[in-house]
Amino acid sequence: MTAYGLELDSIVFAYPDGERKTTASPSGDRLAGGGADTQSPPVLDGASLGVAPGAKVGILGANGSGKSTLLGIIAGLHEPRAGTVRVGDILVAKKTLKAARLRLGFVFQDPDDQLFTGSVYDDVAFGPRNAGLSDAEVRERVESALATVGIPELAERPPFRLSGGEKRMAAIATVLSMDPGILVLDEPSAALDPKARRRLIRLLSGLPQTVVIATHDLDLALDVCGRAAILHAGRVEAYGDSRAVLGDAALLERCGLEPPLSSGSCAICGRRP
Amino acid sequence: MRDPSRALAAFYSIDALARRHSPVHDRHPVALCATTAAFVVTAASFGRRDVSALLPLFLYPFVTLALSGLRPAELLGRVVAASPAILAIAALSPIFERAPVRVGPWILASGWLSCASIALKLALTVSAAFLLVATAGMGGVARGLRAARLPKLVVLVFQMTYRYVALLLSEVSGMARAHELRAGPRKGVGKTLWGPMLGGLLLRSYDRAGRVHDAMAMRGFDGEYRSGRDGPFGGLDAAYCTAWSAFFAAARFLDISGALGRAAGFIARGAAS
Ligand SMILES: Nc1ncnc2c1ncn2[C@@H]1O[C@H](COP(=O)(O)OP(=O)(O)OP(=O)(O)O)[C@@H](O)[C@H]1O
Ligand SMILES: [Mg+2]
């Protein structure tokens, strides 16, 4: 496994059918009609981010600030209107997409999207089989991935019968089995109980890979990520040491976030750290 | 559908059956598919009023059931589930074919013979299809279709349809639960809600299918689904195919039931004298 760096440069992106955001007024919803093609405002408008190989970065931001969208661009699921993405030394484009994706492990926000076969084993084996590994190698990969996330006993269970937390771990195993150099996770701690969340934090902190996490769980970001980036109004508003970024109350306030309360329960998720 | 999540579980349960190991499960999927195809062709090739001649063919489902370690109830349940359709098709014959025939000591309308013949053929076919899926798995069936030189795209569509049904069922299951929880004491979905719910269902499952496809593409999916049973076609596989094909040919062209009947009569007469 080689941990790769990641480089996003001035990304601009708008959804083709993006909502025409008119300043909300009760009668305002007619303004965009009548064929007058008001450009939908870009979700991302010049976002830049550099991640060193092996670094762990938290992407923070209010609901709808574009975190999932940014991750989708890293994975080549969306094509940016302008700007470039580099995974290691690969400039992501149509031709290089396959090579770039081999280096990426992408964990979706909803684990149900990631688990689609009849057993956890088959799901975790899906990537290695596609890579053309032999049955023995596949078995080894699957067993080690399931052991890493701590659910070796669930291998033969159908994924749709798992609990939310077990599904999350299985989803992470499906990408770990591909031995990616970069791990990209969207809201990994959503729907986890405190103990499962602890285990996830320990797991992510211990991974040798480069890790990019989009999350609302600021405490998780503090625990796992050395650096944090805050998305606001389509740009990376702040990027730096996560303690410094998350300690800046004025910045968080401006970006619609609340500071992680390491004392008392977290104002956002209600959990105790 | 009273409880869609039960349907989902039943749907995936066939997948689970196929993950077992047995002398049948361990055969190459192409051998299983070829044998099934030979069986179905043989059953279909019998004359439309053959009844007793079909009986030896039941050896195939019985032996496969025994060898594969599947419970007879698992097969019978499926045949019973299909029986209304089978009977509806078979029941047309006595209505249209009224010419009398002699069956042993009785005189019947010939339609009854066709009816029994059709019902038996359909029951045999349903059993064989179930046994195939329960031993080779959907992945194995796709493998067989590919081996039969069906284009990659066609096989992919076949597999995606299978996955899509599962997705659709799980979306139905989620929506049904959401509706049930908010519907109060009313039973069923009111007629004003059917439209929006169906529309929502299609959109949701379409989006979901898109995300699942993304997740597959992220893990190196290139249109060829690898089920993990891609070993070489061995001597045992060839022997399995050949032995069954020989038996099917014998059942078709030699009068096994008649011979058994005569033999039984011979023995009975021998014993009496
Ligand atoms: N498929 C889509 N089509 C059109 N607009 C979309 C689509 N997906 C997201 N958007 C819009 O893009 C913006 C950013 O969405 P995104 O999902 O990236 O936010 P997010 O930061 O991940 O939010 P959350 O914290 O709630 O997950 C939102 O305004 C959203 O409405
Ligand atoms: Mg999101």
# chains A, B, ... in the order shown; residues from 1 in each chain; ligands from 1
$ residues_near_ligand --ligand "ligand 1" --cutoff "8 Å" --atoms "only C-alpha atoms and all ligand atoms" --output "count of residues only"
25
$ select_by_dssp --residues "range 8-210 of chain B" --states "alpha helix (DSSP H)" --output "ChimeraX atom specification"
/B:8-18,29-45,59-68,72-90,92-96,110-147,152-182,191-210
$ write_last_selection --atoms "C-alpha atoms" --output "compact mmCIF listing (two decimals), in the first residue's frame"
# COMPACT_ATOMS: atom_id res chain seq x y z
CA LEU B 8 -36.80 -9.02 0.38
CA ALA B 9 -35.55 -11.65 2.77
CA ALA B 10 -37.17 -14.40 0.69
CA PHE B 11 -35.66 -12.91 -2.43
CA TYR B 12 -32.15 -12.96 -1.05
CA SER B 13 -32.59 -16.31 0.63
CA ILE B 14 -32.04 -18.07 -2.70
CA ASP B 15 -28.68 -16.32 -2.90
CA ALA B 16 -27.85 -17.64 0.53
CA LEU B 17 -28.73 -21.20 -0.48
CA ALA B 18 -26.27 -20.98 -3.35
CA PRO B 29 -21.75 -23.13 -12.79
CA VAL B 30 -21.58 -23.76 -16.51
CA ALA B 31 -22.02 -27.51 -15.89
CA LEU B 32 -25.07 -26.79 -13.74
CA CYS B 33 -26.55 -24.47 -16.35
CA ALA B 34 -25.95 -26.90 -19.20
CA THR B 35 -27.51 -29.76 -17.25
CA THR B 36 -30.54 -27.66 -16.42
CA ALA B 37 -30.91 -26.61 -20.03
CA ALA B 38 -30.71 -30.25 -21.16
CA PHE B 39 -33.31 -31.18 -18.57
CA VAL B 40 -35.75 -28.47 -19.57
CA VAL B 41 -35.36 -29.26 -23.27
CA THR B 42 -35.94 -32.96 -22.57
CA ALA B 43 -39.04 -32.29 -20.49
CA ALA B 44 -40.45 -29.97 -23.13
CA SER B 45 -39.80 -32.42 -25.94
CA LEU B 59 -35.43 -38.53 -10.51
CA TYR B 60 -33.44 -35.42 -11.41
CA PRO B 61 -34.98 -33.00 -8.90
CA PHE B 62 -35.05 -35.71 -6.22
CA VAL B 63 -31.43 -36.69 -6.67
CA THR B 64 -30.28 -33.06 -6.96
CA LEU B 65 -32.20 -32.19 -3.83
CA ALA B 66 -30.62 -35.07 -1.95
CA LEU B 67 -27.09 -34.39 -3.19
CA SER B 68 -27.23 -30.66 -2.63
CA PRO B 72 -37.32 -30.55 0.24
CA ALA B 73 -39.54 -27.91 1.84
CA GLU B 74 -37.40 -25.19 0.24
CA LEU B 75 -38.17 -26.62 -3.19
CA LEU B 76 -41.78 -27.64 -2.54
CA GLY B 77 -42.57 -24.17 -1.21
CA ARG B 78 -41.52 -22.65 -4.53
CA VAL B 79 -43.41 -25.18 -6.61
CA VAL B 80 -46.52 -24.62 -4.49
CA ALA B 81 -46.08 -20.87 -4.91
CA ALA B 82 -45.98 -21.36 -8.69
CA SER B 83 -48.82 -23.89 -8.72
CA PRO B 84 -51.71 -21.46 -9.29
CA ALA B 85 -50.01 -20.31 -12.48
CA ILE B 86 -49.21 -23.89 -13.50
CA LEU B 87 -52.78 -25.05 -12.90
CA ALA B 88 -54.25 -22.06 -14.68
CA ILE B 89 -52.27 -22.92 -17.80
CA ALA B 90 -52.86 -26.66 -17.56
CA LEU B 92 -57.26 -24.98 -20.34
CA SER B 93 -56.65 -28.39 -21.89
CA PRO B 94 -59.74 -30.30 -20.61
CA ILE B 95 -61.87 -27.43 -21.88
CA PHE B 96 -60.53 -27.55 -25.41
CA SER B 110 -58.01 -36.52 -23.82
CA GLY B 111 -57.71 -33.00 -22.39
CA TRP B 112 -57.16 -34.44 -18.95
CA LEU B 113 -54.07 -36.22 -20.19
CA SER B 114 -52.68 -33.03 -21.75
CA CYS B 115 -53.57 -31.20 -18.58
CA ALA B 116 -51.59 -33.63 -16.43
CA SER B 117 -48.74 -33.63 -18.92
CA ILE B 118 -48.49 -29.81 -18.98
CA ALA B 119 -48.74 -29.55 -15.21
CA LEU B 120 -45.97 -32.11 -14.77
CA LYS B 121 -43.72 -30.41 -17.31
CA LEU B 122 -44.21 -27.03 -15.68
CA ALA B 123 -43.60 -28.43 -12.22
CA LEU B 124 -40.41 -30.09 -13.47
CA THR B 125 -39.24 -26.88 -15.11
CA VAL B 126 -39.93 -24.74 -12.04
CA SER B 127 -38.09 -27.25 -9.85
CA ALA B 128 -35.12 -27.34 -12.17
CA ALA B 129 -34.95 -23.55 -12.36
CA PHE B 130 -35.09 -23.23 -8.60
CA LEU B 131 -32.46 -25.91 -8.11
CA LEU B 132 -30.20 -24.16 -10.60
CA VAL B 133 -30.41 -20.80 -8.86
CA ALA B 134 -30.11 -22.41 -5.44
CA THR B 135 -26.93 -24.26 -6.39
CA ALA B 136 -25.22 -22.05 -8.97
CA GLY B 137 -26.50 -18.69 -7.67
CA MET B 138 -27.49 -15.77 -9.88
CA GLY B 139 -23.82 -15.11 -10.57
CA GLY B 140 -23.46 -18.69 -11.76
CA VAL B 141 -26.49 -18.39 -14.01
CA ALA B 142 -24.93 -15.29 -15.54
CA ARG B 143 -21.74 -17.25 -16.00
CA GLY B 144 -23.69 -19.91 -17.85
CA LEU B 145 -25.38 -17.34 -20.07
CA ARG B 146 -21.98 -15.88 -20.91
CA ALA B 147 -20.70 -19.38 -21.70
CA LYS B 152 -21.95 -9.20 -22.11
CA LEU B 153 -24.51 -6.42 -22.25
CA VAL B 154 -27.48 -8.78 -22.28
CA VAL B 155 -26.15 -10.73 -19.32
CA LEU B 156 -25.44 -7.48 -17.49
CA VAL B 157 -29.00 -6.30 -18.02
CA PHE B 158 -30.23 -9.64 -16.73
CA GLN B 159 -28.14 -9.28 -13.58
CA MET B 160 -29.01 -5.65 -13.07
CA THR B 161 -32.67 -6.54 -13.34
CA TYR B 162 -32.16 -9.04 -10.58
CA ARG B 163 -30.37 -6.46 -8.45
CA TYR B 164 -32.93 -3.82 -9.37
CA VAL B 165 -35.78 -5.95 -8.14
CA ALA B 166 -33.95 -6.22 -4.84
CA LEU B 167 -33.44 -2.46 -4.74
CA LEU B 168 -37.05 -1.86 -5.61
CA LEU B 169 -38.16 -4.21 -2.87
CA SER B 170 -35.99 -2.52 -0.29
CA GLU B 171 -37.29 0.91 -1.28
CA VAL B 172 -40.84 -0.42 -1.10
CA SER B 173 -40.02 -1.79 2.29
CA GLY B 174 -38.73 1.56 3.54
CA MET B 175 -41.64 3.54 2.11
CA ALA B 176 -44.20 1.09 3.39
CA ARG B 177 -42.77 1.39 6.86
CA ALA B 178 -42.67 5.19 6.69
CA HIS B 179 -46.27 5.23 5.51
CA GLU B 180 -47.45 2.73 8.07
CA LEU B 181 -45.93 4.69 10.92
CA ARG B 182 -47.68 7.88 9.94
CA LYS B 191 -56.17 6.01 -3.38
CA THR B 192 -54.95 9.61 -3.35
CA LEU B 193 -51.53 8.47 -2.16
CA TRP B 194 -50.89 5.66 -4.62
CA GLY B 195 -49.78 7.95 -7.44
CA PRO B 196 -47.28 10.05 -5.49
CA MET B 197 -45.96 7.00 -3.68
CA LEU B 198 -45.39 5.09 -6.88
CA GLY B 199 -43.72 8.09 -8.51
CA GLY B 200 -41.56 8.63 -5.47
CA LEU B 201 -40.69 4.97 -5.47
CA LEU B 202 -39.47 5.04 -9.06
CA LEU B 203 -37.41 8.19 -8.51
CA ARG B 204 -35.91 6.87 -5.31
CA SER B 205 -35.02 3.50 -6.71
CA TYR B 206 -33.63 5.15 -9.83
CA ASP B 207 -31.39 7.42 -7.75
CA ARG B 208 -30.45 4.54 -5.58
CA ALA B 209 -29.58 2.37 -8.56
CA GLY B 210 -27.36 5.20 -9.79
$ interface_residues --of "chain B" --to "chain A" --cutoff "6 Å" --atoms "only C-alpha atoms" --output "ChimeraX atom specification"
/B:15,212,215,219-220
$ select_by_dssp --residues "range 14-182 of chain A" --states "strand (DSSP E)" --output "MDAnalysis selection string"
chainID A and resid 44:51 56:60 82:87 90:91 104:107 182
$ atom_distance --atom1 "CA of Tyr239 in chain A" --atom2 "CA of Leu192 in chain A"
26.9 Å
$ residues_around --residues "Leu154 in chain A" --least-positions-apart "4" --cutoff "9 Å" --atoms "only C-alpha atoms" --output "NGL selection string"
:A and (119-121 or 146 or 158-159 or 162 or 166 or 170)
$ atom_distance --atom1 "CA of Phe248 in chain B" --atom2 "CA of Pro56 in chain B"
8.9 Å
$ atom_distance --atom1 "CA of Thr242 in chain B" --atom2 "CA of Asp26 in chain B"
16.2 Å
$ decode --residues "range 54-67 of chain A" --atoms "all heavy atoms" --output "short mmCIF file (atom, residue, chain, number, x, y, z; two decimals), in the first residue's frame"
data_model
loop_
_atom_site.label_atom_id
_atom_site.label_comp_id
_atom_site.auth_asym_id
_atom_site.auth_seq_id
_atom_site.Cartn_x
_atom_site.Cartn_y
_atom_site.Cartn_z
N GLY A 54 -0.62 10.30 3.40
CA GLY A 54 -0.68 9.81 4.77
C GLY A 54 -1.37 10.74 5.75
O GLY A 54 -1.62 10.36 6.89
N ALA A 55 -1.73 11.95 5.30
CA ALA A 55 -2.39 12.90 6.21
C ALA A 55 -3.85 12.52 6.40
O ALA A 55 -4.44 11.80 5.59
CB ALA A 55 -2.29 14.31 5.65
N LYS A 56 -4.46 12.98 7.47
CA LYS A 56 -5.88 12.77 7.72
C LYS A 56 -6.56 14.13 7.81
O LYS A 56 -6.18 14.96 8.64
CB LYS A 56 -6.06 11.99 9.01
CG LYS A 56 -5.29 10.65 8.98
CD LYS A 56 -5.90 9.63 9.86
CE LYS A 56 -5.30 8.24 9.72
NZ LYS A 56 -4.20 8.03 8.81
N VAL A 57 -7.52 14.34 6.91
CA VAL A 57 -8.14 15.65 6.80
C VAL A 57 -9.65 15.55 7.00
O VAL A 57 -10.29 14.66 6.41
CB VAL A 57 -7.85 16.28 5.42
CG1 VAL A 57 -8.62 17.56 5.24
CG2 VAL A 57 -6.36 16.51 5.26
N GLY A 58 -10.19 16.42 7.82
CA GLY A 58 -11.64 16.48 8.00
C GLY A 58 -12.20 17.59 7.14
O GLY A 58 -11.67 18.69 7.13
N ILE A 59 -13.28 17.29 6.40
CA ILE A 59 -13.96 18.33 5.62
C ILE A 59 -15.23 18.67 6.39
O ILE A 59 -16.10 17.81 6.57
CB ILE A 59 -14.35 17.82 4.23
CG1 ILE A 59 -13.16 17.14 3.57
CG2 ILE A 59 -14.94 18.93 3.39
CD1 ILE A 59 -12.49 17.88 2.50
N LEU A 60 -15.33 19.90 6.83
CA LEU A 60 -16.46 20.30 7.65
C LEU A 60 -17.28 21.35 6.92
O LEU A 60 -16.82 21.97 5.97
CB LEU A 60 -15.95 20.86 8.98
CG LEU A 60 -14.87 20.00 9.65
CD1 LEU A 60 -14.26 20.73 10.84
CD2 LEU A 60 -15.45 18.66 10.07
N GLY A 61 -18.49 21.54 7.39
CA GLY A 61 -19.34 22.54 6.77
C GLY A 61 -20.79 22.25 7.09
O GLY A 61 -21.14 21.11 7.41
N ALA A 62 -21.62 23.27 7.02
CA ALA A 62 -23.03 23.11 7.34
C ALA A 62 -23.71 22.18 6.34
O ALA A 62 -23.13 21.84 5.31
CB ALA A 62 -23.72 24.47 7.34
N ASN A 63 -24.94 21.78 6.60
CA ASN A 63 -25.72 20.99 5.65
C ASN A 63 -25.80 21.72 4.33
O ASN A 63 -26.05 22.93 4.29
CB ASN A 63 -27.16 20.79 6.15
CG ASN A 63 -27.24 19.78 7.27
OD1 ASN A 63 -27.90 20.02 8.27
ND2 ASN A 63 -26.57 18.67 7.12
N GLY A 64 -25.57 21.00 3.25
CA GLY A 64 -25.70 21.62 1.94
C GLY A 64 -24.51 22.48 1.54
O GLY A 64 -24.55 23.16 0.53
N SER A 65 -23.43 22.44 2.31
CA SER A 65 -22.28 23.28 1.97
C SER A 65 -21.45 22.65 0.84
O SER A 65 -20.57 23.31 0.30
CB SER A 65 -21.41 23.52 3.20
OG SER A 65 -21.00 22.29 3.74
N GLY A 66 -21.74 21.41 0.51
CA GLY A 66 -21.07 20.81 -0.65
C GLY A 66 -20.01 19.77 -0.30
O GLY A 66 -19.19 19.42 -1.14
N LYS A 67 -20.06 19.24 0.91
CA LYS A 67 -19.06 18.25 1.32
C LYS A 67 -19.17 16.98 0.47
O LYS A 67 -18.18 16.52 -0.10
CB LYS A 67 -19.25 17.88 2.80
CG LYS A 67 -19.11 19.05 3.75
CD LYS A 67 -19.24 18.61 5.19
CE LYS A 67 -20.63 18.06 5.52
NZ LYS A 67 -21.70 19.07 5.43
#
